[in-house]
Structure formats: structure tokens, C-alpha cells
>>> print(open('data-v9.cif').read())   # mmCIF, C-alpha atoms and all ligand atoms
data_run
#
loop_
_atom_site.label_atom_id
_atom_site.label_comp_id
_atom_site.auth_asym_id
_atom_site.auth_seq_id
_atom_site.Cartn_x
_atom_site.Cartn_y
_atom_site.Cartn_z
CA MET A 140 -79.03 -12.45 -133.60
CA SER A 141 -77.93 -14.23 -130.49
CA ASP A 142 -79.31 -16.80 -128.05
CA TYR A 143 -78.94 -17.07 -124.28
CA LYS A 144 -75.58 -18.79 -124.72
CA GLY A 145 -74.14 -15.80 -126.57
CA HIS A 146 -73.88 -17.76 -129.83
CA LEU A 147 -74.31 -15.74 -133.00
CA PHE A 148 -76.74 -16.54 -135.80
CA ASN A 149 -77.70 -14.93 -139.07
CA LYS A 150 -81.25 -13.68 -138.90
CA GLU A 151 -82.06 -15.61 -142.09
CA ALA A 152 -80.83 -18.85 -140.49
CA ILE A 153 -83.08 -18.29 -137.47
CA LEU A 154 -86.13 -17.50 -139.60
CA GLU A 155 -85.53 -20.52 -141.80
CA TRP A 156 -85.23 -22.74 -138.71
CA LEU A 157 -88.47 -21.40 -137.22
CA LEU A 158 -90.26 -21.90 -140.53
CA THR A 159 -89.10 -25.53 -140.85
CA PRO A 160 -90.86 -27.37 -138.01
CA GLY A 161 -90.30 -30.69 -139.77
CA ARG A 162 -86.53 -30.07 -139.66
CA GLU A 163 -86.09 -31.27 -143.24
CA ASP A 164 -82.53 -30.88 -144.51
CA TYR A 165 -81.11 -30.26 -141.03
CA THR A 166 -78.21 -32.34 -139.76
CA LYS A 167 -78.13 -33.63 -136.18
CA ALA A 168 -75.43 -31.09 -135.35
CA GLN A 169 -77.54 -28.24 -136.71
CA ILE A 170 -80.59 -29.43 -134.80
CA ALA A 171 -78.53 -29.53 -131.60
CA LYS A 172 -77.31 -26.00 -132.26
CA PHE A 173 -80.82 -24.61 -132.83
CA SER A 174 -82.99 -26.86 -130.67
CA HIS A 175 -83.48 -24.34 -127.82
CA ILE A 176 -84.74 -21.72 -130.29
CA ARG A 177 -88.48 -22.21 -130.62
CA ARG A 178 -89.67 -18.65 -131.03
CA LEU A 179 -88.19 -15.31 -131.96
CA ASP A 180 -88.35 -14.51 -128.22
CA ASP A 181 -85.56 -17.04 -127.70
CA VAL A 182 -83.10 -14.80 -129.52
CA VAL A 183 -82.23 -11.12 -129.39
CA GLU A 184 -81.49 -9.02 -132.43
CA LEU A 185 -78.08 -7.41 -132.06
CA HIS A 186 -77.23 -3.83 -132.89
CA GLY A 187 -73.94 -2.08 -133.44
CA VAL A 188 -72.09 -4.93 -135.13
CA LYS A 189 -70.86 -5.22 -138.69
CA GLU A 190 -69.33 -8.08 -140.57
CA HIS A 191 -65.76 -7.19 -141.30
CA ALA A 192 -62.98 -9.37 -142.71
CA ASN A 193 -64.64 -12.69 -141.73
CA THR A 194 -65.34 -11.55 -138.23
CA LEU A 195 -67.72 -9.22 -136.47
CA LYS A 196 -66.74 -5.74 -135.56
CA CYS A 197 -68.33 -3.84 -132.72
CA GLU A 198 -68.97 -0.27 -133.79
CA TYR A 199 -68.75 1.01 -130.22
CA GLY A 200 -65.02 1.33 -129.64
CA ASP A 201 -64.28 -0.18 -133.06
CA VAL A 202 -63.16 -3.58 -131.77
CA ALA A 203 -63.35 -6.94 -133.47
CA LEU A 204 -64.84 -10.08 -131.95
CA GLY A 205 -62.02 -12.17 -130.50
CA GLU A 206 -59.67 -9.23 -130.03
CA ALA A 207 -57.74 -9.92 -126.84
CA SER A 208 -58.14 -6.42 -125.45
CA ALA A 209 -61.91 -6.46 -125.48
CA LYS A 210 -64.51 -9.03 -124.57
CA LEU A 211 -67.70 -8.31 -126.43
CA VAL A 212 -71.06 -8.56 -124.75
CA TYR A 213 -74.62 -7.60 -125.58
CA LEU A 214 -77.39 -6.34 -123.40
CA VAL A 215 -80.89 -7.79 -123.11
CA PRO A 216 -83.29 -6.51 -124.25
CA CYS A 217 -81.79 -3.61 -126.28
CA GLY A 218 -79.34 -5.90 -128.11
CA ASP A 219 -76.55 -3.33 -128.24
CA VAL A 220 -73.11 -4.94 -128.61
CA LEU A 221 -70.41 -3.36 -126.49
CA PRO A 222 -66.94 -4.08 -125.12
CA ARG A 223 -67.40 -5.46 -121.55
CA GLN A 224 -65.18 -2.81 -119.98
CA VAL A 225 -67.32 0.17 -121.04
CA LEU A 226 -70.20 -1.04 -118.86
CA SER A 227 -70.32 0.40 -115.39
CA ASP A 228 -73.45 2.10 -114.15
CA GLY A 229 -76.35 -0.10 -115.24
CA ARG A 230 -77.15 2.07 -118.25
CA CYS A 231 -76.40 1.11 -121.85
CA PRO A 232 -73.83 3.66 -123.09
CA GLN A 233 -75.26 3.27 -126.60
CA CYS A 234 -78.99 3.82 -126.07
CA GLY A 235 -79.31 4.75 -122.40
CA ALA A 236 -81.60 1.84 -121.49
CA SER A 237 -81.08 0.46 -118.00
CA TYR A 238 -80.04 -3.17 -117.68
CA GLN A 239 -79.48 -5.79 -114.98
CA GLU A 240 -76.00 -7.21 -114.52
CA THR A 241 -77.53 -10.65 -115.23
CA ASP A 242 -78.67 -9.45 -118.65
CA VAL A 243 -75.13 -8.84 -119.89
CA ILE A 244 -74.52 -11.73 -122.31
CA ALA A 245 -70.93 -12.60 -123.20
CA ILE A 246 -70.58 -13.30 -126.93
CA ASN A 247 -68.92 -16.59 -127.91
CA SER A 248 -67.35 -17.05 -124.51
CA SER A 249 -65.26 -20.18 -123.99
CA SER A 250 -65.04 -19.72 -120.22
CA ALA A 251 -66.79 -22.57 -118.40
CA LYS A 252 -67.68 -20.18 -115.59
CA VAL A 253 -69.33 -17.71 -117.96
CA ILE A 254 -71.21 -20.45 -119.81
CA LYS A 255 -72.49 -21.85 -116.52
CA SER A 256 -73.72 -18.43 -115.41
CA LEU A 257 -75.53 -17.98 -118.75
CA LYS A 258 -77.21 -21.37 -118.31
CA ASP A 259 -78.15 -20.52 -114.71
CA ARG A 260 -79.66 -17.26 -115.93
CA MET A 261 -81.77 -19.15 -118.50
CA THR A 262 -82.94 -21.63 -115.85
CA ARG A 263 -84.05 -18.72 -113.65
CA LEU A 264 -85.90 -17.15 -116.58
CA GLN A 265 -87.66 -20.44 -117.32
CA GLN A 266 -88.78 -20.63 -113.68
CA GLU A 267 -90.15 -17.10 -114.05
CA MET A 268 -91.92 -18.22 -117.25
CA ARG A 269 -89.84 -15.85 -119.35
CA HIS A 270 -88.01 -16.11 -122.64
CA HIS A 271 -84.39 -15.15 -123.21
CA ASN A 272 -85.50 -11.68 -124.29
CA GLY A 273 -87.38 -11.20 -121.01
CA LYS A 274 -90.88 -11.58 -122.43
CA LEU A 275 -93.38 -13.70 -120.54
CA ARG A 276 -94.07 -17.14 -121.95
CA ARG A 277 -97.62 -17.95 -122.91
CA LYS A 278 -99.29 -20.22 -120.39
CA LEU A 279 -99.36 -23.74 -121.69
CA LYS A 280 -102.22 -25.19 -119.61
CA PRO A 281 -105.19 -22.82 -119.64
CA LYS A 282 -107.78 -25.62 -119.31
CA PRO A 283 -107.57 -26.46 -115.59
CA GLU A 284 -107.62 -22.73 -114.73
CA ARG A 285 -110.84 -22.27 -116.68
CA MET A 286 -112.46 -25.10 -114.76
CA GLU A 287 -111.54 -23.46 -111.45
CA GLU A 288 -113.10 -20.20 -112.59
CA ALA A 289 -116.33 -21.85 -113.76
CA PRO A 290 -119.40 -21.59 -111.52
CA PRO A 291 -119.83 -24.61 -109.18
CA ASN A 292 -123.01 -25.87 -110.89
CA LYS A 293 -121.14 -26.23 -114.20
CA ILE A 294 -118.38 -28.22 -112.59
CA ARG A 295 -120.97 -30.62 -111.09
CA LYS A 296 -122.39 -31.28 -114.53
CA LEU A 297 -118.92 -32.28 -115.80
ZN ZN B 1 -78.66 -0.27 -125.66
#
>>> encode(input="data-v9.cif", output="C-alpha cells")
Amino acid sequence: MSDYKGHLFNKEAILEWLLTPGREDYTKAQIAKFSHIRRLDDVVELHGVKEHANTLKCEYGDVALGEASAKLVYLVPCGDVLPRQVLSDGRCPQCGASYQETDVIAINSSSAKVIKSLKDRMTRLQQEMRHHNGKLRRKLKPKPERMEEAPPNKIRKL
């Protein structure tokens, strides 16, 4: 699985984190690494990668993560992992789903420019009340809205 920063996580590690709201047995460093993950919607499940010789291998094009010739990315929301250079026409070459250029997430990028653009993307999503995977966030303050919708005589009683 991967977050908006393009960091990789084992699915088990994510589930364990989400099931441990008290954060018992987590170090400060681990909490910092996971703190932006509050729901499964904050990560995307990746497809088309295999663990191979201590690294991850992208099945499309058979390239390993970190190989100089290929920068690996994944697409939101399909989660397909692909070498950056095979993307061209806004359609995932693996599953055919259309994607926005902003939803191409570089995996483990060390480029400050790329990391900034990923953070900017997440800020935009938060303003649109969306999660990393594109799903709408649940509204946090339903109470005032209900009062506005209530008939005027009920509001007077309050
Ligand atoms: Zn796809």
C-alpha cells in the first residue's frame, strides 16, 4: 500500500496501525511515519508489484524499484504500478482506467520538487474534502447544518 507521499507500507502494518488507536508499542519515529494515515482511504492498495530480492519489482516492464532507467509511479485510484515513461495518454496501460496527471504518484521519490508537488496535491484534496484515494471525507460538523434545516419554530424554542 502507499500513501500520498509515495511511501510504501505492508498492508498488515497499515491495518495494525489503524487498529491501535492508543498507539501502544509505537515509537515516535513510527508515529511520525504513520500519523497522516487515519483511515484506509488515506492509502491506496498497489497492484502489479512483487517483492523480489529485498526490493520491489514492477511486473509491467519487469523493472525493480530504484533501477536508474525507470522511475516507478502508481496511479490513483486503480493502484497500478508502472514505469513513469510508459504513461502518455491519460489511460492506465494496465487496466485502461483514465487518470489525471495529478494522480500519478512517484514511489519513494527523493526529489524535493516531486515531494512538494505531492504535498500540494494532498492540500488541494483536503480543501476539496477528499482523501488520498479520491473519496469524499465524511462531514465532521453535521450539527449546525441540522439546525439551519429545522423549521423556524423549533429554532425559537432552542
Ligand atoms: Zn490501472
>>> residues_near_ligand(input="data-v9.cif", ligand="ligand ZN 1 (chain B)", cutoff="6 Å", atoms="only C-alpha atoms and all ligand atoms", output="list in words")
Cys217, Asp219, Cys231, Gln233, Cys234 and Ala236 of chain A
>>> write_last_selection(input="data-v9.cif", atoms="C-alpha atoms", output="mmCIF file, in the coordinates of the input")
data_model
loop_
_atom_site.group_PDB
_atom_site.id
_atom_site.type_symbol
_atom_site.label_atom_id
_atom_site.label_comp_id
_atom_site.auth_asym_id
_atom_site.auth_seq_id
_atom_site.Cartn_x
_atom_site.Cartn_y
_atom_site.Cartn_z
ATOM 1 C CA CYS A 217 -81.790 -3.610 -126.280
ATOM 2 C CA ASP A 219 -76.550 -3.330 -128.240
ATOM 3 C CA CYS A 231 -76.400 1.110 -121.850
ATOM 4 C CA GLN A 233 -75.260 3.270 -126.600
ATOM 5 C CA CYS A 234 -78.990 3.820 -126.070
ATOM 6 C CA ALA A 236 -81.600 1.840 -121.490
#
>>> residues_near_point(input="data-v9.cif", point="(-74.7, -5.9, -136.2)", cutoff="10 Å", atoms="all atoms listed in the file", output="JSON, numbers by chain")
{"A": [140, 149, 184, 185, 186, 187, 188, 189, 190, 195, 196, 197, 198, 218, 219, 220]}
>>> residues_near_point(input="data-v9.cif", point="(-81.1, -13.6, -128.7)", cutoff="6 Å", atoms="all atoms listed in the file", output="number ranges by chain")
A: 140-142, 181-184
>>> axis_aligned_box(input="data-v9.cif", around="stretch 177-187 of chain A", padding_each_side="4 Å", output="lines of an AutoDock Vina configuration file")
center_x = -81.8
center_y = -12.1
center_z = -130.6
size_x = 23.7
size_y = 28.1
size_z = 13.7
>>> closest_residue(input="data-v9.cif", among="A:Asp180, A:Phe173, A:Thr166, A:Leu204", to="A:Lys274", atoms="all atoms listed in the file")
A:Asp180
>>> atom_distance(input="data-v9.cif", atom1="atom CA of A:Val253", atom2="atom CA of A:Tyr213")
13.7 Å
>>> closest_residue(input="data-v9.cif", among="A:Leu179, A:Val215, A:Ala168, A:Ala152", to="A:Ala245", atoms="all atoms listed in the file")
A:Val215
>>> atom_distance(input="data-v9.cif", atom1="atom CA of A:Arg277", atom2="atom CA of A:Ile254")
26.7 Å
>>> residues_around(input="data-v9.cif", residues="A:Ser174", least_positions_apart="4", cutoff="12 Å", atoms="only C-alpha atoms", output="list in words")
Asp142, Ile153, Trp156, Leu157, Thr159, Pro160, Arg162, Tyr165, Thr166, Lys167, Ala168, Gln169, Ile170, Arg178 and Asp181 of chain A
>>> write_last_selection(input="data-v9.cif", atoms="C-alpha atoms", output="PDB file, in the frame of the given file")
ATOM      1  CA  ASP A 142     -79.310 -16.800-128.050  1.00  0.00           C
ATOM      2  CA  ILE A 153     -83.080 -18.290-137.470  1.00  0.00           C
ATOM      3  CA  TRP A 156     -85.230 -22.740-138.710  1.00  0.00           C
ATOM      4  CA  LEU A 157     -88.470 -21.400-137.220  1.00  0.00           C
ATOM      5  CA  THR A 159     -89.100 -25.530-140.850  1.00  0.00           C
ATOM      6  CA  PRO A 160     -90.860 -27.370-138.010  1.00  0.00           C
ATOM      7  CA  ARG A 162     -86.530 -30.070-139.660  1.00  0.00           C
ATOM      8  CA  TYR A 165     -81.110 -30.260-141.030  1.00  0.00           C
ATOM      9  CA  THR A 166     -78.210 -32.340-139.760  1.00  0.00           C
ATOM     10  CA  LYS A 167     -78.130 -33.630-136.180  1.00  0.00           C
ATOM     11  CA  ALA A 168     -75.430 -31.090-135.350  1.00  0.00           C
ATOM     12  CA  GLN A 169     -77.540 -28.240-136.710  1.00  0.00           C
ATOM     13  CA  ILE A 170     -80.590 -29.430-134.800  1.00  0.00           C
ATOM     14  CA  ARG A 178     -89.670 -18.650-131.030  1.00  0.00           C
ATOM     15  CA  ASP A 181     -85.560 -17.040-127.700  1.00  0.00           C
TER      16      ASP A 181
END
>>> atom_distance(input="data-v9.cif", atom1="atom CA of A:Pro216", atom2="atom CA of A:Gly145")
13.2 Å
>>> build_atoms(input="data-v9.cif", residues="stretch 232-244 of chain A", atoms="N, CA and C atoms", output="CSV table (one decimal), in the coordinates of the input")
chain,number,residue,atom,x,y,z
A,232,PRO,N,-74.5,2.4,-122.6
A,232,PRO,CA,-73.8,3.7,-123.1
A,232,PRO,C,-74.3,4.0,-124.5
A,233,GLN,N,-74.8,3.0,-125.2
A,233,GLN,CA,-75.3,3.3,-126.6
A,233,GLN,C,-76.6,3.9,-126.6
A,234,CYS,N,-77.6,3.3,-125.9
A,234,CYS,CA,-79.0,3.8,-126.1
A,234,CYS,C,-79.6,4.4,-124.8
A,235,GLY,N,-78.8,4.2,-123.7
A,235,GLY,CA,-79.3,4.8,-122.4
A,235,GLY,C,-80.3,3.9,-121.6
A,236,ALA,N,-80.7,2.7,-122.2
A,236,ALA,CA,-81.6,1.8,-121.5
A,236,ALA,C,-80.9,1.3,-120.3
A,237,SER,N,-81.7,1.1,-119.2
A,237,SER,CA,-81.1,0.5,-118.0
A,237,SER,C,-81.1,-1.1,-118.2
A,238,TYR,N,-80.1,-1.7,-117.6
A,238,TYR,CA,-80.0,-3.2,-117.7
A,238,TYR,C,-79.6,-3.8,-116.3
A,239,GLN,N,-79.9,-5.1,-116.2
A,239,GLN,CA,-79.5,-5.8,-115.0
A,239,GLN,C,-78.1,-6.4,-115.3
A,240,GLU,N,-77.3,-6.6,-114.3
A,240,GLU,CA,-76.0,-7.2,-114.5
A,240,GLU,C,-76.2,-8.6,-115.1
A,241,THR,N,-77.3,-9.3,-114.7
A,241,THR,CA,-77.5,-10.6,-115.2
A,241,THR,C,-77.9,-10.6,-116.7
A,242,ASP,N,-78.3,-9.5,-117.2
A,242,ASP,CA,-78.7,-9.4,-118.6
A,242,ASP,C,-77.5,-9.0,-119.6
A,243,VAL,N,-76.3,-9.1,-119.1
A,243,VAL,CA,-75.1,-8.8,-119.9
A,243,VAL,C,-74.7,-10.2,-120.4
A,244,ILE,N,-74.8,-10.4,-121.7
A,244,ILE,CA,-74.5,-11.7,-122.3
A,244,ILE,C,-73.2,-11.7,-123.0
